[in-house]
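Source file: final_25.cif (mmCIF, C-alpha atoms)
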```
data_model
loop_
_atom_site.label_atom_id
_atom_site.label_comp_id
_atom_site.auth_asym_id
_atom_site.auth_seq_id
_atom_site.Cartn_x
_atom_site.Cartn_y
_atom_site.Cartn_z
CA MET A 2 27.36 -34.47 -14.88
CA PHE A 3 25.73 -33.22 -11.65
CA ARG A 4 27.03 -29.71 -12.34
CA TYR A 5 25.28 -29.59 -15.71
CA VAL A 6 21.97 -30.79 -14.25
CA LYS A 7 22.26 -28.18 -11.49
CA ALA A 8 22.99 -25.49 -14.09
CA VAL A 9 19.92 -26.40 -16.14
CA PHE A 10 17.66 -26.44 -13.09
CA SER A 11 18.93 -23.08 -11.83
CA ALA A 12 18.16 -21.47 -15.20
CA ILE A 13 14.53 -22.63 -15.15
CA PRO A 14 12.93 -20.09 -12.68
CA PRO A 15 14.07 -16.89 -14.46
CA ILE A 16 13.23 -18.35 -17.88
CA LEU A 17 9.82 -19.48 -16.64
CA PHE A 18 8.75 -16.32 -14.81
CA LEU A 19 10.42 -13.64 -16.94
CA VAL A 20 10.35 -15.15 -20.44
CA ILE A 21 7.85 -18.01 -20.91
CA ILE A 22 4.88 -16.74 -18.86
CA PRO A 23 5.04 -13.13 -20.22
CA GLN A 24 5.46 -14.46 -23.78
CA LEU A 25 2.55 -16.87 -23.26
CA LEU A 26 0.45 -13.90 -22.20
CA LEU A 27 1.45 -12.08 -25.37
CA VAL A 28 0.88 -15.07 -27.68
CA ARG A 29 -2.08 -16.83 -26.06
CA PHE A 30 -4.04 -13.79 -24.97
CA PRO A 31 -3.19 -11.15 -27.57
CA GLN A 32 -6.63 -9.62 -27.32
CA LEU A 33 -6.28 -9.20 -23.57
CA VAL A 34 -2.84 -7.62 -23.97
CA GLN A 35 -4.09 -5.52 -26.87
CA SER A 36 -7.07 -4.22 -24.93
CA GLY A 37 -4.83 -3.65 -21.90
CA GLN A 38 -2.40 -1.76 -24.11
CA THR A 39 -5.26 0.26 -25.59
CA ILE A 40 -6.49 1.29 -22.16
CA LEU A 41 -2.99 1.86 -20.75
CA GLY A 42 -1.76 3.60 -23.90
CA GLN A 43 -4.79 5.85 -23.96
CA TYR A 44 -4.45 7.12 -20.42
CA THR A 45 -0.86 6.41 -19.38
CA ASN A 46 2.68 6.32 -20.76
CA ILE A 47 3.15 2.52 -20.37
CA ASN A 48 3.92 0.29 -23.37
CA VAL A 49 3.10 -3.34 -22.44
CA THR A 50 4.96 -4.95 -25.36
CA SER A 51 8.24 -3.12 -24.74
CA PHE A 52 7.89 -3.74 -21.00
CA ILE A 53 7.58 -7.50 -21.62
CA THR A 54 10.51 -7.40 -24.07
CA GLY A 55 12.62 -5.77 -21.38
CA LEU A 56 11.56 -8.46 -18.90
CA ASN A 57 12.55 -11.15 -21.43
CA VAL A 58 16.03 -9.68 -21.91
CA ILE A 59 16.61 -9.45 -18.15
CA GLY A 60 15.20 -12.98 -17.70
CA ILE A 61 17.58 -14.47 -20.27
CA ALA A 62 20.54 -12.65 -18.71
CA LEU A 63 19.56 -13.94 -15.25
CA ALA A 64 19.10 -17.49 -16.56
CA VAL A 65 22.54 -17.52 -18.22
CA LEU A 66 24.23 -16.11 -15.12
CA SER A 67 22.41 -18.55 -12.79
CA ALA A 68 23.41 -21.47 -14.99
CA VAL A 69 27.04 -20.35 -15.14
CA GLN A 70 27.15 -19.84 -11.37
CA SER A 71 25.72 -23.31 -10.69
CA TRP A 72 28.03 -24.89 -13.23
CA ALA A 73 31.23 -23.25 -11.96
CA TYR A 74 33.28 -24.74 -9.14
CA LYS A 75 33.19 -22.84 -5.87
CA TRP A 76 36.91 -22.13 -6.05
CA SER A 77 36.75 -20.88 -9.66
CA ILE A 78 36.85 -17.12 -10.35
CA VAL A 79 33.81 -17.67 -12.61
CA ASN A 80 31.67 -18.34 -9.53
CA PRO A 81 32.00 -14.96 -7.74
CA VAL A 82 31.95 -13.03 -11.03
CA SER A 83 28.72 -14.66 -12.26
CA SER A 84 27.17 -14.42 -8.80
CA SER A 85 27.97 -10.69 -8.54
CA LEU A 86 26.64 -10.04 -12.04
CA ARG A 87 23.46 -11.98 -11.22
CA MET A 88 22.89 -9.85 -8.10
CA MET A 89 23.41 -6.66 -10.12
CA VAL A 90 21.00 -7.79 -12.84
CA SER A 91 18.41 -8.70 -10.15
CA PHE A 92 18.85 -5.19 -8.75
CA VAL A 93 18.28 -3.72 -12.23
CA LEU A 94 15.16 -5.92 -12.55
CA MET A 95 13.80 -4.42 -9.32
CA LEU A 96 14.46 -0.88 -10.60
CA TYR A 97 12.91 -1.80 -13.97
CA ILE A 98 9.70 -3.03 -12.35
CA ILE A 99 9.44 -0.08 -9.91
CA GLY A 100 10.14 2.37 -12.74
CA LEU A 101 7.48 0.70 -14.94
CA GLY A 102 10.00 -0.11 -17.66
CA ASN A 103 12.46 2.66 -16.91
CA ALA A 104 15.23 1.58 -14.53
CA SER A 105 16.91 5.00 -14.67
CA THR A 106 14.28 6.54 -12.34
CA LEU A 107 16.16 4.80 -9.47
CA GLY A 108 13.15 3.64 -7.50
CA VAL A 109 10.57 6.25 -8.46
CA THR A 110 7.36 5.20 -10.20
CA ARG A 111 6.12 7.91 -12.54
CA LEU A 112 2.72 7.58 -14.09
CA ASN A 113 1.04 10.15 -16.27
CA ILE A 114 -2.70 9.75 -16.48
CA VAL A 115 -4.60 11.92 -18.91
CA VAL A 116 -8.39 11.76 -18.86
CA GLY A 117 -9.67 13.81 -21.79
CA ALA A 118 -8.66 17.45 -22.08
CA LYS A 119 -10.01 18.41 -18.66
CA LEU A 120 -7.93 16.40 -16.21
CA GLY A 121 -4.28 15.41 -16.18
CA ILE A 122 -2.71 13.60 -13.23
CA GLN A 123 0.97 12.90 -12.73
CA PHE A 124 1.38 10.31 -10.03
CA ASN A 125 4.68 9.37 -8.43
CA LEU A 126 5.70 6.83 -5.83
CA THR A 127 9.12 7.32 -4.28
CA LEU A 128 10.87 4.15 -3.12
CA THR A 129 14.39 5.57 -3.04
CA PHE A 130 14.81 4.16 0.47
CA LEU A 131 14.26 0.65 -0.87
CA THR A 132 16.71 1.31 -3.70
CA VAL A 133 19.41 2.59 -1.34
CA MET A 134 18.98 -0.28 1.13
CA VAL A 135 18.83 -3.01 -1.54
CA GLY A 136 21.85 -1.41 -3.26
CA THR A 137 23.75 -1.53 0.04
CA ALA A 138 22.72 -5.15 0.61
CA VAL A 139 23.84 -6.12 -2.92
CA THR A 140 27.22 -4.40 -2.39
CA LEU A 141 27.71 -6.19 0.93
CA LYS A 142 26.72 -9.52 -0.64
CA ILE A 143 29.25 -9.02 -3.44
CA ILE A 144 31.94 -8.29 -0.83
CA GLN A 145 30.89 -11.38 1.15
CA LYS A 146 30.90 -13.53 -1.99
CA THR A 147 34.44 -12.36 -2.82
CA MET A 148 35.60 -13.12 0.73
CA LYS A 149 33.96 -16.57 0.56
CA TRP A 150 35.59 -17.27 -2.78
CA ARG A 151 39.04 -16.39 -1.42
CA GLU A 152 38.49 -18.79 1.46
CA ASP A 153 37.13 -21.46 -0.93
CA VAL A 154 40.35 -21.24 -2.95
CA GLY A 155 42.30 -21.94 0.27
CA PHE A 156 40.00 -24.87 1.16
CA HIS A 157 40.44 -26.29 -2.34
CA ARG A 158 44.25 -26.16 -1.97
CA LEU A 159 43.98 -27.98 1.36
CA ASP A 160 41.74 -30.64 -0.22
CA LEU A 161 44.19 -31.12 -3.09
CA GLN A 162 47.09 -31.52 -0.63
CA ALA A 163 45.10 -34.05 1.40
CA GLU A 164 44.21 -36.00 -1.73
CA ALA A 165 47.82 -35.98 -2.90
CA GLN A 166 49.03 -37.30 0.46
CA ALA A 167 46.34 -40.00 0.47
CA SER A 168 47.21 -41.18 -3.04
CA GLN A 169 50.98 -41.52 -2.34
CA PRO A 170 52.14 -45.18 -1.90
CA LEU A 171 53.17 -46.20 1.62
CA PRO A 172 56.96 -46.13 2.14
CA MET A 173 58.66 -49.55 2.04
CA SER A 174 60.72 -50.50 5.07
CA PRO A 175 64.47 -50.90 4.12
CA ASN A 176 64.98 -53.73 6.62
CA PRO A 177 62.16 -56.19 6.38
CA ARG A 178 61.72 -58.30 9.45
CA PRO A 179 62.51 -61.96 9.00
CA ALA A 180 59.47 -64.14 9.28
CA MET B 30 37.28 -43.10 -0.22
CA PRO B 31 37.33 -40.89 2.89
CA LYS B 32 35.00 -37.94 2.81
CA ALA B 33 36.70 -34.53 2.66
CA PRO B 34 36.34 -32.56 5.91
CA LYS B 35 33.69 -29.85 5.85
CA HIS B 36 35.23 -26.40 5.85
CA ARG B 37 33.82 -23.50 7.83
CA TYR B 38 34.05 -19.92 6.68
CA SER B 39 35.82 -17.39 8.88
CA LYS B 40 34.01 -15.39 11.54
CA LYS B 41 34.28 -12.26 9.39
CA VAL B 42 32.35 -13.85 6.52
CA ARG B 43 29.67 -15.27 8.81
CA ALA B 44 29.29 -11.95 10.66
CA LEU B 45 28.85 -10.16 7.32
CA GLY B 46 26.15 -12.69 6.39
CA TYR B 47 24.24 -12.05 9.62
CA GLY B 48 24.67 -8.29 9.07
CA ILE B 49 23.12 -8.56 5.59
CA ILE B 50 20.15 -10.52 6.99
CA LEU B 51 19.61 -7.88 9.72
CA LEU B 52 19.85 -5.11 7.10
CA GLN B 53 17.20 -6.81 4.98
CA ILE B 54 14.86 -7.26 7.96
CA ALA B 55 15.37 -3.59 8.95
CA THR B 56 14.67 -2.49 5.37
CA VAL B 57 11.38 -4.38 5.20
CA ALA B 58 10.30 -3.17 8.67
CA LEU B 59 11.17 0.50 8.04
CA LEU B 60 9.58 0.43 4.59
CA PHE B 61 6.39 -0.98 6.06
CA LEU B 62 6.33 1.67 8.83
CA ALA B 63 7.00 4.50 6.37
CA VAL B 64 4.33 3.38 3.89
CA TYR B 65 1.87 2.80 6.76
CA SER B 66 2.47 6.31 8.19
CA ASN B 67 2.12 7.92 4.76
CA VAL B 68 -1.07 6.05 3.95
CA ARG B 69 -2.66 6.88 7.32
CA THR B 70 -1.81 10.58 6.88
CA VAL B 71 -3.17 10.62 3.32
CA TYR B 72 -6.33 8.99 4.64
CA SER B 73 -6.59 11.72 7.28
CA LEU B 74 -6.04 14.38 4.62
CA GLY B 75 -8.83 12.83 2.56
CA SER B 76 -11.12 12.75 5.60
CA SER B 77 -10.31 16.39 6.29
CA LEU B 78 -11.22 17.31 2.73
CA THR B 79 -14.44 15.29 2.97
CA SER B 80 -15.50 17.07 6.15
CA LEU B 81 -14.75 20.43 4.51
CA THR B 82 -16.84 19.50 1.51
CA GLY B 83 -19.67 18.52 3.82
CA ASN B 84 -19.50 21.70 5.89
CA GLY B 85 -18.53 24.13 3.13
CA LEU B 86 -14.98 25.00 2.16
CA SER B 87 -13.20 27.14 4.69
CA VAL B 88 -11.80 30.19 2.89
CA GLN B 89 -10.62 32.32 5.74
CA ASN B 90 -7.99 32.03 8.38
CA VAL B 91 -7.56 34.05 11.58
CA THR B 92 -3.89 35.05 11.88
CA SER B 93 -1.99 35.50 15.16
CA ASN B 94 -2.71 39.27 14.95
CA GLY B 95 -6.41 38.57 14.87
CA GLN B 96 -6.72 39.55 11.22
CA ILE B 97 -8.74 37.47 8.83
CA GLN B 98 -7.05 36.44 5.59
CA ARG B 99 -8.51 34.61 2.61
CA ALA B 100 -7.14 31.10 2.83
CA TYR B 101 -8.02 27.51 2.27
CA VAL B 102 -7.76 25.68 5.58
CA LEU B 103 -7.60 21.93 6.00
CA PRO B 104 -8.21 21.78 9.75
CA LYS B 105 -7.39 18.26 10.92
CA ILE B 106 -4.54 16.35 9.35
CA THR B 107 -3.44 13.59 11.70
CA ASN B 108 -0.45 11.28 11.50
CA ASN B 109 -1.71 8.01 12.98
CA GLY B 110 1.42 6.13 11.90
CA TYR B 111 4.74 5.49 13.63
CA LEU B 112 7.14 7.73 11.67
CA THR B 113 7.23 11.51 11.13
CA VAL B 114 5.61 12.53 7.86
CA SER B 115 6.22 15.64 5.75
CA LEU B 116 3.37 16.99 3.69
CA SER B 117 3.65 19.63 1.02
CA VAL B 118 0.84 21.15 -1.01
CA ASN B 119 1.21 23.51 -3.96
CA ALA B 120 -1.73 24.96 -5.82
CA ALA B 121 -1.86 27.41 -8.67
CA PHE B 122 -4.94 28.85 -10.30
CA LEU B 123 -4.80 29.05 -14.08
CA ASN B 124 -6.37 31.38 -16.61
CA SER B 125 -7.67 30.36 -20.04
CA GLN B 126 -4.11 30.42 -21.47
CA GLY B 127 -2.88 28.09 -18.75
CA GLN B 128 -0.95 30.87 -16.99
CA THR B 129 -0.91 31.25 -13.21
CA VAL B 130 -3.36 33.75 -11.75
CA GLY B 131 -2.31 35.44 -8.51
CA ASN B 132 0.31 33.99 -6.20
CA PRO B 133 0.76 30.23 -6.23
CA LEU B 134 -0.40 28.71 -2.96
CA SER B 135 2.28 26.75 -1.24
CA GLN B 136 2.54 25.21 2.19
CA SER B 137 4.39 22.37 3.82
CA LEU B 138 4.25 20.92 7.28
CA THR B 139 5.81 18.13 9.28
CA ILE B 140 3.58 16.00 11.46
CA ALA B 141 4.97 13.82 14.24
CA PRO B 142 3.30 10.47 15.02
CA GLY B 143 0.02 11.00 16.85
CA GLN B 144 -0.02 14.75 16.12
CA THR B 145 -2.83 16.69 14.43
CA ARG B 146 -2.06 19.90 12.54
CA PRO B 147 -3.98 22.18 10.21
CA LEU B 148 -2.80 23.09 6.74
CA VAL B 149 -3.40 26.73 5.80
CA LEU B 150 -3.08 27.86 2.18
CA PRO B 151 -3.27 31.69 2.01
CA THR B 152 -4.81 32.59 -1.34
CA GLY B 153 -3.22 36.00 -1.83
CA PHE B 154 -6.42 37.26 -3.41
CA ALA B 155 -7.05 40.89 -2.52
CA ALA B 156 -10.40 41.21 -4.19
CA SER B 157 -13.06 39.01 -5.65
CA SER B 158 -12.26 40.42 -9.12
CA ASP B 159 -9.03 38.36 -9.03
CA VAL B 160 -11.14 35.24 -9.16
CA SER B 161 -12.97 36.13 -12.36
CA GLY B 162 -10.21 34.99 -14.76
CA ILE B 163 -9.70 31.58 -13.19
CA GLN B 164 -10.24 28.73 -15.64
CA GLY B 165 -8.48 25.86 -13.91
CA VAL B 166 -6.22 24.74 -11.09
CA ARG B 167 -2.96 22.85 -10.83
CA LEU B 168 -2.71 21.03 -7.53
CA SER B 169 0.40 19.23 -6.38
CA VAL B 170 0.52 17.14 -3.19
CA GLU B 171 3.68 15.42 -1.92
CA ILE B 172 3.93 13.28 1.17
CA ASN B 173 7.04 11.54 2.40
CA SER B 174 8.98 10.19 5.36
CA ILE B 175 12.52 8.94 6.17
CA PHE B 176 14.14 12.13 4.82
CA GLY B 177 12.06 12.02 1.64
CA LEU B 178 13.25 8.52 0.70
CA VAL B 179 9.80 6.93 0.95
CA GLY B 180 6.71 8.69 -0.23
CA GLY B 181 4.59 9.68 -3.10
CA GLY B 182 2.49 12.36 -4.56
CA PHE B 183 0.47 13.55 -7.43
CA THR B 184 0.09 16.61 -9.59
CA ALA B 185 -3.34 17.14 -11.04
CA THR B 186 -4.34 19.79 -13.54
CA VAL B 187 -8.04 20.42 -13.77
CA ILE B 188 -9.53 22.72 -16.41
CA PHE B 189 -12.98 23.98 -15.45
#
```
So that I can check it, write out the structure of this file as structure tokens.
Amino acid sequence: MFRYVKAVFSAIPPILFLVIIPQLLLVRFPQLVQSGQTILGQYTNINVTSFITGLNVIGIALAVLSAVQSWAYKWSIVNPVSSSLRMMVSFVLMLYIIGLGNASTLGVTRLNIVVGAKLGIQFNLTLTFLTVMVGTAVTLKIIQKTMKWREDVGFHRLDLQAEAQASQPLPMSPNPRPA
Amino acid sequence: MPKAPKHRYSKKVRALGYGIILLQIATVALLFLAVYSNVRTVYSLGSSLTSLTGNGLSVQNVTSNGQIQRAYVLPKITNNGYLTVSLSVNAAFLNSQGQTVGNPLSQSLTIAPGQTRPLVLPTGFAASSDVSGIQGVRLSVEINSIFGLVGGGFTATVIF
């Protein structure tokens, strides 16, 4: 029962921040989003609605993976697999946000601003260093998670052996002492 | 029911965990230093441009041979940050069809922390008649540090 409660609670933050709040913005303040889209669409290459849709998809994926990871036993193969996938999806989320809806830029923000026919500005912000370092950290974390899981499997075997020994009945003495 | 003994992970796993934490701290620190150095240098570049605007744009440069060439000179670009910064400027003058007039101006320089260097953009114009067909300019500025892994830039096209 505790595992299911933990799973539900771990799914709440990604659903809240990446699905509910952006959707609330879209539904409750459509005029704000519409005017924002008008301004952004007029001068830049950003599409707010598709950006939020992308956030929703990533949020749902993160929520599912977080729930599965919290639900799975530490010694189960499901735990390291879901954890690794969650870290990868988080990494993609970072690239998606930096790339303003395009994760394939690999840490480069590209913004085209066109003001009338007289001035066109192409702005870029290179955060490849961040991408490389976070990518390295994610890889190391996946390796660490796998190592932890292998040790957890060993710990689980030891626990099972200890439980089995504890549950065995005490041996009866063949020659009971006379009272 | 007796409580199961608490297991401890091996030294290898714990060392890897500490290594990841150190890597994350180093990433944040280096990123901050790089962004700080870039921003300070861009600020200096902006100040240099402002002073030029105030005093009139410098369009000539005295070469090592003592000759005077037509050039745009940004005299004082200072890196007040903590990491070495590379700056690259490309400019091309455009005619009414959007084609480049004359040689594109291109210059790049590396500025160490605390150093001040000028940026000289030789125009390549031989005569003032070259200037007559100019209808716009495409200016591209790139600034970066940590081997180009952190930085930014912009390309602006202005039609007169």
Result set, the PyMOL selection byres ((chain B) within 6 of (chain A)) on current file, as a PyMOL selection string
chain B and resi 178-188
Using all atoms listed in the file, the best pick from A:Pro81, A:Ile61, A:Ile47, A:Arg151 as closest to Ile98 (chain A) would be A:Ile47
Residue IDs satisfying the PyMOL selection byres ((chain A and resi 6-11) around 6), as a PyMOL selection string
chain A and resi 3-5+12-13+67-68+71-72
Go through the shown structure with the PyMOL selection byres ((chain B and resi 115-120) around 6) and write out the matching residues as a PyMOL selection string.
chain B and resi 114+121+133-139+167-173
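Between CA of Lys35 (chain B) and CA of Leu52 (chain B) lies a distance of 28.4 Å.
Taking CA of Ala141 (chain B) and CA of Asn108 (chain B) as endpoints, the distance between them is 6.6 Å.
Residue neighbourhood of region 14-30 of chain A, excluding near-sequence residues (fewer than 3 positions): Phe10, Ser11, Leu33, Val34, Gln35, Val49, Thr50, Phe52, Ile53, Thr54, Gly55, Leu56, Asn57, Val58, Ile59, Gly60, Ile61, Ala62, Leu63, Ala64, Val65 and Ser67 of chain A, at 10 Å, using all atoms listed in the file.
For the atom pair formed by CA of Val102 (chain B) and CA of Ser66 (chain B), the distance is 22.1 Å, given to one decimal.
Comparing A:Asn103, A:Ser51, A:Val154, A:Ile143 by their smallest distance to Ser85 (chain A), the closest is A:Ile143 (using all atoms listed in the file).
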